[in-house]
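To keep things clear, I will list the structure first and then write my remarks on it.
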Number of protein chains: 2
Amino acid sequence: MAAAARAALSDLAAAPTAQKAAAITAAAAAIRARAGDLLAANAADVTDARTAGISAALIDRLALDAGRVQAIAAGLDTVAALPDPVGESIRTWTQPNGLAFERVRVPLGVIGIIYESRPGVTADAAALCLMAGNACLLRGGSEAGRSNAVLLQCVAAGLASAGLPAAAVQLVPAGDRALVGAMLAAQGLIDVIIPRGGKGLVARVAAEARVPVLAHLDGINHVYVDASADRATAVAITVNSKLRRTAVCGAMETLLIDRAAPAGLQHAVIAALVDGGCEVRGDPDVLGLDARIGPAGDQDWNTEYLDAIASAALVDGVEGAIAHIARHGSSHTDAIVAEDPGVAERFLAAVDSAIVLWNASTQFADGGEFGFGAEIGIATGRLHARGPVGLEGLTTYKTLVRGTGQVRA
Amino acid sequence: MAAAARAALSDLAAAPTAQKAAAITAAAAAIRARAGDLLAANAADVTDARTAGISAALIDRLALDAGRVQAIAAGLDTVAALPDPVGESIRTWTQPNGLAFERVRVPLGVIGIIYESRPGVTADAAALCLMAGNACLLRGGSEAGRSNAVLLQCVAAGLASAGLPAAAVQLVPAGDRALVGAMLAAQGLIDVIIPRGGKGLVARVAAEARVPVLAHLDGINHVYVDASADRATAVAITVNSKLRRTAVCGAMETLLIDRAAPAGLQHAVIAALVDGGCEVRGDPDVLGLDARIGPAGDQDWNTEYLDAIASAALVDGVEGAIAHIARHGSSHTDAIVAEDPGVAERFLAAVDSAIVLWNASTQFADGGEFGFGAEIGIATGRLHARGPVGLEGLTTYKTLVRGTGQVRA
């Protein structure tokens with residue numbers, strides 16, 4: 001399958017934007033036209049999953065309804081309308097000998113996507129990979145087997161209608177777990193693996209992969225409230241960062257408060273969290289701020305709750321916050337609330353996370369909110385793409401050198 | 001050692017350009033001041049290597065003389081004068097909600113360099129890593145053990161004089177081969193491994209590494225001479241691409257000639273190669289062009305000779321050249337010689353190599369020739385840096401988001 005995908009790469013790299021967009025739009029149309037088939041297949045998947053005793057949370061991710069099917073199709077139309085990164089001239093320069101250099105974006109190659117039971121990923125990942133000129137091998141969870149098969153048929157119909165090779169998007173059979181291992185070991189055949197799912201999946205991929213991986217494992221994100229913070233801003237950002245959605249990777253997990261902050265500010269942010277329904281686990285200094293707080297254990301500072309729970313600590317100013325984040329953070333997303341620009345810029349410079357915010361919610365850690373139109377995930381590794389990965393992150397570049405007969409001395 | 005290197009990262013990331021440059025300049029001065037010690041250590045290394053029966057080619061790479069020592073020091077001064085990539089603002093944009101985004105370059109982290117017997121790499125790699133704000137673990141060949149120890153002392157003196165942590169540049173003991181395996185497995189401790197050396201070394205690193213690798217394995221580079229090529233240009237570029245230096249990774253290994261090219265052009269490029277001292281191994285079509293050509297075997301098209309040998313074939317125009325390169329190339333460097341711009345642009349677009357040249361020698365595949373000032377190597381992988389890797393390739397980025405209290409809806 002990977003060899004067939006590689007064989008499709010030159011056609012995909014050369015495909016004009018309109019052709020790729022047409023394939024994706026046609027796939028969206030096929031999904032709408034076959035909504036009944038898709039819902040029937042999905043209902044069978046859900047029935048089997050229930051019989052197998054799959055958790056309610058997983059079944060919620062698996063289950064489609066008419067609205068979700070329309071959302072999947074609309075997502076494809078959104079991707080089809082994004083600017084095509086392929087062929088973009090990133091930089092041009094000329095050397096004194098007259099050689100003209102141009103760095104241009106080209107597709108990344110063959111992308112392996114390993115995901116769980118969410119059928120929407122099948123369509124979404126296929127469209128993103130395709131729009132950036134890549135071939136992809138999709139390996140979804142076996143619970144979604146029937147749903148994914150119908151979705152792949154819709155994508156295949158889109159590819160065929162636009163004259164693009166069927167091998168551009170392939171579904172790896174979900175039954176055989178060894179195939180995941182084969183994907184992870186496929187050096188030279190698969191260029192990058194992108195896992196989409198829970199921590200168990202990502203950890204397995206990161207531990208076993210011989211192919212490069214774009215992913216994030218943890219989102220242990222901090223909000224630091226500086227003594228200079230505006231109280232209303234601090235409350236709003238803290239509550240939004242934690243409680244807007246607790247299960248997203250950009251959610252705040254630890255609140256750090258400046259020891260020198262006014263008592264009213266310290267009380268206000270803690271009270272707002274608790275009032276919002278958040279369990280707060282505090283260090284000894286924080287415990288006195290609100291009677292409703294419980295004590296934090298050592299592990300709380302390294303825990304991604306993904307729930308309405310937060311740890312909280314007092315720190316010694318921005319330097320204390322920077323040190324705490326360096327020790328416990330996961331290089332994902334961290335924010336400062338401060339009115340003092342010098343303090344804020346110190347935080348922005350010293351916190352080495354993929355995303356560092358000043359006076360904004362950590363929940364903006366999202367490709368859509370970055371203006372990328374869509375994202376295939378968030379990466380916290382240090383090579384290639386860092387932060388939300390959109391179409392640009394699914395490309396690489398080559399350097400063109402145009403001369404007039406230059407030879408090297 | 002990797003943990004100590006990581007602990008040094010925040011100081012290195014915050015170090016101003018002048019401080020890093022001062023450390024490198026002081027290291028260069030120390031190398032000049034201790035040239036006698038270095039030459040004595042190197043002489044002892046060479047004596048041991050001769051006793052051990054090491055090859056003459058390896059001893060040539062190992063041996064220093066006064067001129068080479070001065071060149072090592074001068075190389076450091078060159079790196080110290082390069083523009084500092086750290087903190088560079090790569091892109092800024094604003095979203096409709098007022099959030100101001102800024103992507104800035106930050107150091108990559110801890111870089112492992114695994115190399116062979118060339119002592120100059122110790123100083124050169126240390127300086128490049130340091131200038132981009134990284135810590136590095138240097139693992140050179142055991143043959144150069146004494147030379148590397150003196151060089152490391154000089155670098156350490158430079159770091160100390162500039163007030164930078166000693167852990168920024170560390171020499172991994174060369175005696176224990178298991179330490180290379182430990183470096184290759186050090187996920188989360190070492191951010192990237194850069195092998196510098198022959199194919200055996202690079203292949204081992206690529207096969208075993210769990211840490212991301214920046215490298216190239218083969219440089220099976222092609223020059224395609226189109227029917228539209230100017231004869232003198234074609235001759236000059238072909239000869240320079242192959243014979244200027246045959247052992248560099250940017251050297252041409254296969255010459256492709258347009259079947260439709262004038263006989264005089266076909267003869268001229270082949271004759272020039274042979275006249276220049278190159279053994280040419282041709283396909284049946286090429287054999288008739290020059291009596292001095294021998295036949296190519298199947299493996300010749302996939303062979304990086306790194307010697308005064310080239311394979312040669314006739315192909316059916318630019319499409320034939322593109323197909324041959326797709327099948328046999330190594331995505332390193334390929335060139336077209338042509339006067340027809342349409343043909344040339346087709347080649348530039350369709351050949352998916354890190355470097356693709358038009359009317360210029362493949363021997364320009366070099367960070368210095370690209371204007372990067374220096375390079376730590378050439379990468380042919382598809383993630384992160386592709387082509388010559390200079391200081392910029394030794395950085396990653398983070399995204400700063402400056403708001404005024406925005407929360408996500």
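Following the order of the structure tokens, chains are lettered A, B, ..., residues in each are numbered from 1, and ligands are numbered from 1.
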
Item to check | Check: which chain B residues lie within 6 Å of chain A using only C-alpha atoms, as number ranges by chain | outcome: B: 233, 237, 354-361, 383-384, 398-407

Checklist entry - Do you know which residues are at most 9 Å from range 193-195 of chain A counting only C-alpha atoms, after dropping those on the same chain fewer than 6 positions away, and could you put them as a PyMOL selection string? => result chain A and resi 110-116+183-184+201-202+205-206+209+211-216+376-377

Next on the checklist: So that I can see what lies close to Tyr305 in chain A, please list as number ranges by chain the residues with an atom at most 12 Å from it, counting only C-alpha atoms and leaving out residues fewer than 3 positions away in the same chain.
Outcome noted: A: 199, 218-221, 242-243, 245-254, 278-281, 299-302, 308-311

Checklist entry - Among range 44-195 of chain B, which ones does DSSP place in strand (DSSP E), written as JSON, numbers by chain? => result {"B": [89, 90, 91, 92, 93, 94, 100, 101, 102, 103, 104, 105, 106, 107, 110, 111, 112, 113, 114, 115, 135, 136, 137, 138, 139, 169, 170, 171, 192, 193, 194, 195]}

Residues just named, written with N, CA, C and O atoms as a CSV table (one decimal), in the first residue's frame:
chain,number,residue,atom,x,y,z
B,89,SER,N,12.2,37.0,14.0
B,89,SER,CA,10.8,37.0,13.8
B,89,SER,C,10.5,36.5,12.4
B,89,SER,O,10.9,37.1,11.4
B,90,ILE,N,10.0,35.3,12.3
B,90,ILE,CA,9.8,34.6,11.0
B,90,ILE,C,8.6,35.2,10.3
B,90,ILE,O,8.5,35.3,9.1
B,91,ARG,N,7.5,35.4,11.1
B,91,ARG,CA,6.3,35.8,10.5
B,91,ARG,C,5.4,36.4,11.5
B,91,ARG,O,5.4,35.9,12.7
B,92,THR,N,4.6,37.4,11.2
B,92,THR,CA,3.7,38.0,12.1
B,92,THR,C,2.3,38.1,11.4
B,92,THR,O,2.3,38.3,10.2
B,93,TRP,N,1.3,37.8,12.1
B,93,TRP,CA,-0.1,38.0,11.6
B,93,TRP,C,-1.1,38.3,12.7
B,93,TRP,O,-0.7,38.0,13.9
B,94,THR,N,-2.2,38.9,12.3
B,94,THR,CA,-3.2,39.2,13.3
B,94,THR,C,-4.5,38.6,12.9
B,94,THR,O,-4.9,38.6,11.7
B,100,ALA,N,-2.5,38.9,18.2
B,100,ALA,CA,-1.3,39.2,17.4
B,100,ALA,C,-0.4,38.0,17.5
B,100,ALA,O,0.1,37.7,18.6
B,101,PHE,N,-0.1,37.3,16.4
B,101,PHE,CA,0.7,36.1,16.3
B,101,PHE,C,2.1,36.5,15.8
B,101,PHE,O,2.2,37.2,14.9
B,102,GLU,N,3.1,35.9,16.5
B,102,GLU,CA,4.5,36.1,16.0
B,102,GLU,C,5.2,34.7,16.1
B,102,GLU,O,5.3,34.2,17.2
B,103,ARG,N,5.7,34.3,15.0
B,103,ARG,CA,6.5,33.0,15.0
B,103,ARG,C,8.0,33.5,15.1
B,103,ARG,O,8.5,34.2,14.3
B,104,VAL,N,8.7,33.0,16.2
B,104,VAL,CA,10.1,33.4,16.4
B,104,VAL,C,10.9,32.1,16.4
B,104,VAL,O,10.5,31.1,16.9
B,105,ARG,N,12.1,32.3,15.9
B,105,ARG,CA,13.1,31.2,16.0
B,105,ARG,C,13.7,31.0,17.4
B,105,ARG,O,14.0,32.0,18.0
B,106,VAL,N,13.8,29.7,17.8
B,106,VAL,CA,14.4,29.4,19.1
B,106,VAL,C,15.4,28.3,18.8
B,106,VAL,O,15.3,27.6,17.8
B,107,PRO,N,16.3,28.0,19.7
B,107,PRO,CA,17.3,26.9,19.5
B,107,PRO,C,16.5,25.6,19.4
B,107,PRO,O,15.5,25.4,20.0
B,110,VAL,N,19.2,20.0,22.4
B,110,VAL,CA,20.4,19.2,22.5
B,110,VAL,C,20.7,18.5,21.2
B,110,VAL,O,19.8,17.7,20.8
B,111,ILE,N,21.8,18.7,20.6
B,111,ILE,CA,22.2,18.1,19.3
B,111,ILE,C,23.3,17.1,19.5
B,111,ILE,O,24.3,17.4,20.1
B,112,GLY,N,23.1,15.9,19.1
B,112,GLY,CA,24.2,14.9,19.1
B,112,GLY,C,24.9,14.8,17.8
B,112,GLY,O,24.2,14.7,16.8
B,113,ILE,N,26.2,15.0,17.8
B,113,ILE,CA,26.9,14.9,16.5
B,113,ILE,C,27.8,13.6,16.6
B,113,ILE,O,28.5,13.4,17.6
B,114,ILE,N,27.6,12.7,15.7
B,114,ILE,CA,28.4,11.5,15.6
B,114,ILE,C,29.2,11.5,14.4
B,114,ILE,O,28.7,11.6,13.3
B,115,TYR,N,30.6,11.5,14.6
B,115,TYR,CA,31.5,11.7,13.4
B,115,TYR,C,32.6,10.7,13.5
B,115,TYR,O,32.7,9.9,14.5
B,135,ALA,N,22.9,23.2,22.8
B,135,ALA,CA,24.0,22.4,23.5
B,135,ALA,C,24.3,21.2,22.6
B,135,ALA,O,23.4,20.8,21.8
B,136,CYS,N,25.5,20.7,22.6
B,136,CYS,CA,25.8,19.6,21.8
B,136,CYS,C,26.6,18.5,22.5
B,136,CYS,O,27.4,18.8,23.5
B,137,LEU,N,26.4,17.3,22.2
B,137,LEU,CA,27.2,16.1,22.6
B,137,LEU,C,28.0,15.7,21.4
B,137,LEU,O,27.4,15.2,20.4
B,138,LEU,N,29.3,15.7,21.5
B,138,LEU,CA,30.1,15.4,20.3
B,138,LEU,C,30.7,14.0,20.5
B,138,LEU,O,31.4,13.7,21.5
B,139,ARG,N,30.5,13.1,19.5
B,139,ARG,CA,31.1,11.8,19.7
B,139,ARG,C,31.9,11.5,18.4
B,139,ARG,O,31.4,11.2,17.4
B,169,VAL,N,28.9,22.3,25.5
B,169,VAL,CA,29.7,21.5,24.6
B,169,VAL,C,30.4,20.4,25.3
B,169,VAL,O,31.2,20.6,26.2
B,170,GLN,N,30.0,19.1,25.1
B,170,GLN,CA,30.6,18.0,25.8
B,170,GLN,C,31.1,16.9,24.8
B,170,GLN,O,30.4,16.7,23.8
B,171,LEU,N,32.2,16.3,25.2
B,171,LEU,CA,32.7,15.3,24.4
B,171,LEU,C,32.4,13.9,25.0
B,171,LEU,O,32.7,13.6,26.1
B,192,VAL,N,18.0,15.9,18.3
B,192,VAL,CA,18.3,15.5,17.0
B,192,VAL,C,19.8,15.0,16.9
B,192,VAL,O,20.6,15.5,17.6
B,193,ILE,N,20.0,14.0,16.1
B,193,ILE,CA,21.3,13.4,15.8
B,193,ILE,C,21.8,13.8,14.4
B,193,ILE,O,21.0,13.7,13.5
B,194,ILE,N,23.0,14.3,14.3
B,194,ILE,CA,23.5,14.6,13.0
B,194,ILE,C,24.8,13.8,12.8
B,194,ILE,O,25.8,14.0,13.5
B,195,PRO,N,24.7,12.8,12.0
B,195,PRO,CA,25.9,12.0,11.7
B,195,PRO,C,26.8,12.7,10.6
B,195,PRO,O,26.2,13.2,9.6

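Nearest to Ile72 in chain B of all the residues B:Ala167, B:Ile24, B:Ile54, B:Val46 is B:Ile24, counting only C-alpha atoms.
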
Item to check | Those in range 51-295 of chain A with helix (DSSP H, G or I) from DSSP, as a ChimeraX atom specification | outcome: /A:51,56-62,66-80,120-131,142-161,166-168,178-184,199-208,231-243,263-275,284-287

Using only C-alpha atoms, please write the residues we just selected to a file, as a short mmCIF file (atom, residue, chain, number, x, y, z; two decimals), in the first residue's frame.
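Dumped everything to part11.cif:
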data_model
loop_
_atom_site.label_atom_id
_atom_site.label_comp_id
_atom_site.auth_asym_id
_atom_site.auth_seq_id
_atom_site.Cartn_x
_atom_site.Cartn_y
_atom_site.Cartn_z
CA THR A 51 -22.20 -5.38 22.29
CA ALA A 56 -19.87 5.42 26.46
CA ALA A 57 -17.24 8.09 25.77
CA LEU A 58 -15.81 6.06 22.91
CA ILE A 59 -19.27 5.38 21.50
CA ASP A 60 -19.98 9.11 21.58
CA ARG A 61 -16.88 9.68 19.45
CA LEU A 62 -17.87 6.85 17.13
CA ALA A 66 -27.27 13.64 10.33
CA GLY A 67 -25.73 16.77 11.78
CA ARG A 68 -22.32 15.19 12.21
CA VAL A 69 -22.40 13.86 8.65
CA GLN A 70 -23.17 17.35 7.35
CA ALA A 71 -20.34 18.72 9.49
CA ILE A 72 -17.91 16.21 8.01
CA ALA A 73 -18.90 17.25 4.49
CA ALA A 74 -18.71 20.93 5.38
CA GLY A 75 -15.23 20.36 6.83
CA LEU A 76 -14.10 19.00 3.47
CA ASP A 77 -15.46 22.04 1.66
CA THR A 78 -13.51 24.23 4.09
CA VAL A 79 -10.27 22.38 3.32
CA ALA A 80 -10.93 22.58 -0.44
CA GLY A 120 -14.68 12.11 10.83
CA VAL A 121 -10.90 11.84 10.96
CA THR A 122 -11.01 9.60 7.89
CA ALA A 123 -12.44 12.37 5.72
CA ASP A 124 -10.70 15.24 7.44
CA ALA A 125 -7.18 13.76 7.36
CA ALA A 126 -7.59 12.58 3.79
CA ALA A 127 -8.60 16.06 2.65
CA LEU A 128 -5.79 17.84 4.48
CA CYS A 129 -3.14 15.44 3.19
CA LEU A 130 -4.51 15.63 -0.35
CA MET A 131 -4.77 19.42 -0.43
CA SER A 142 -11.67 -1.23 14.12
CA GLU A 143 -14.84 -0.06 15.89
CA ALA A 144 -15.39 2.39 13.02
CA GLY A 145 -14.63 -0.12 10.28
CA ARG A 146 -17.92 0.05 8.40
CA SER A 147 -18.21 3.83 8.74
CA ASN A 148 -14.66 4.34 7.50
CA ALA A 149 -15.24 2.04 4.55
CA VAL A 150 -18.15 4.16 3.34
CA LEU A 151 -16.21 7.37 3.90
CA LEU A 152 -13.25 5.96 1.95
CA GLN A 153 -15.61 5.11 -0.91
CA CYS A 154 -16.76 8.73 -0.94
CA VAL A 155 -13.17 9.99 -0.97
CA ALA A 156 -12.30 7.50 -3.71
CA ALA A 157 -15.23 8.75 -5.75
CA GLY A 158 -13.92 12.29 -5.35
CA LEU A 159 -10.42 11.28 -6.44
CA ALA A 160 -11.78 9.41 -9.45
CA SER A 161 -14.03 12.27 -10.52
CA ALA A 166 -6.96 6.07 -6.03
CA ALA A 167 -3.73 5.21 -4.20
CA ALA A 168 -3.59 8.79 -2.92
CA ALA A 178 0.42 -5.85 13.40
CA LEU A 179 -0.26 -3.46 10.54
CA VAL A 180 0.17 -0.54 12.91
CA GLY A 181 3.59 -1.89 13.79
CA ALA A 182 4.36 -2.23 10.09
CA MET A 183 3.39 1.39 9.49
CA LEU A 184 5.54 2.56 12.39
CA LYS A 199 -2.44 9.48 25.18
CA GLY A 200 -2.18 5.69 25.04
CA LEU A 201 -2.18 5.72 21.25
CA VAL A 202 0.26 8.60 20.98
CA ALA A 203 2.59 7.06 23.56
CA ARG A 204 2.64 3.77 21.70
CA VAL A 205 3.35 5.49 18.41
CA ALA A 206 6.10 7.64 19.94
CA ALA A 207 7.71 4.65 21.62
CA GLU A 208 7.66 2.30 18.65
CA ARG A 231 -8.38 41.21 37.91
CA ALA A 232 -11.26 40.82 35.44
CA THR A 233 -8.86 39.74 32.68
CA ALA A 234 -7.18 37.21 34.97
CA VAL A 235 -10.51 35.72 36.02
CA ALA A 236 -11.84 35.52 32.48
CA ILE A 237 -8.70 33.94 31.05
CA THR A 238 -8.27 31.48 33.90
CA VAL A 239 -11.85 30.28 33.74
CA ASN A 240 -11.89 30.10 29.95
CA SER A 241 -8.53 28.34 29.80
CA LYS A 242 -9.70 25.63 32.19
CA LEU A 243 -13.43 25.30 31.75
CA ALA A 263 -4.86 39.12 47.94
CA GLY A 264 -8.05 40.15 46.16
CA LEU A 265 -6.64 39.05 42.81
CA GLN A 266 -5.39 35.76 44.23
CA HIS A 267 -8.77 35.04 45.82
CA ALA A 268 -10.69 36.08 42.75
CA VAL A 269 -9.06 33.69 40.27
CA ILE A 270 -9.30 30.73 42.62
CA ALA A 271 -12.88 31.48 43.57
CA ALA A 272 -13.88 31.88 39.94
CA LEU A 273 -12.48 28.44 39.11
CA VAL A 274 -14.23 26.79 42.03
CA ASP A 275 -17.45 28.68 41.36
CA PRO A 284 0.09 24.69 50.95
CA ASP A 285 0.26 28.42 50.12
CA VAL A 286 -2.85 28.29 48.00
CA LEU A 287 -4.91 26.25 50.44
#

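CA of Ala174 in chain A is positioned 6.1 Å from CA of Gly141 in chain A.
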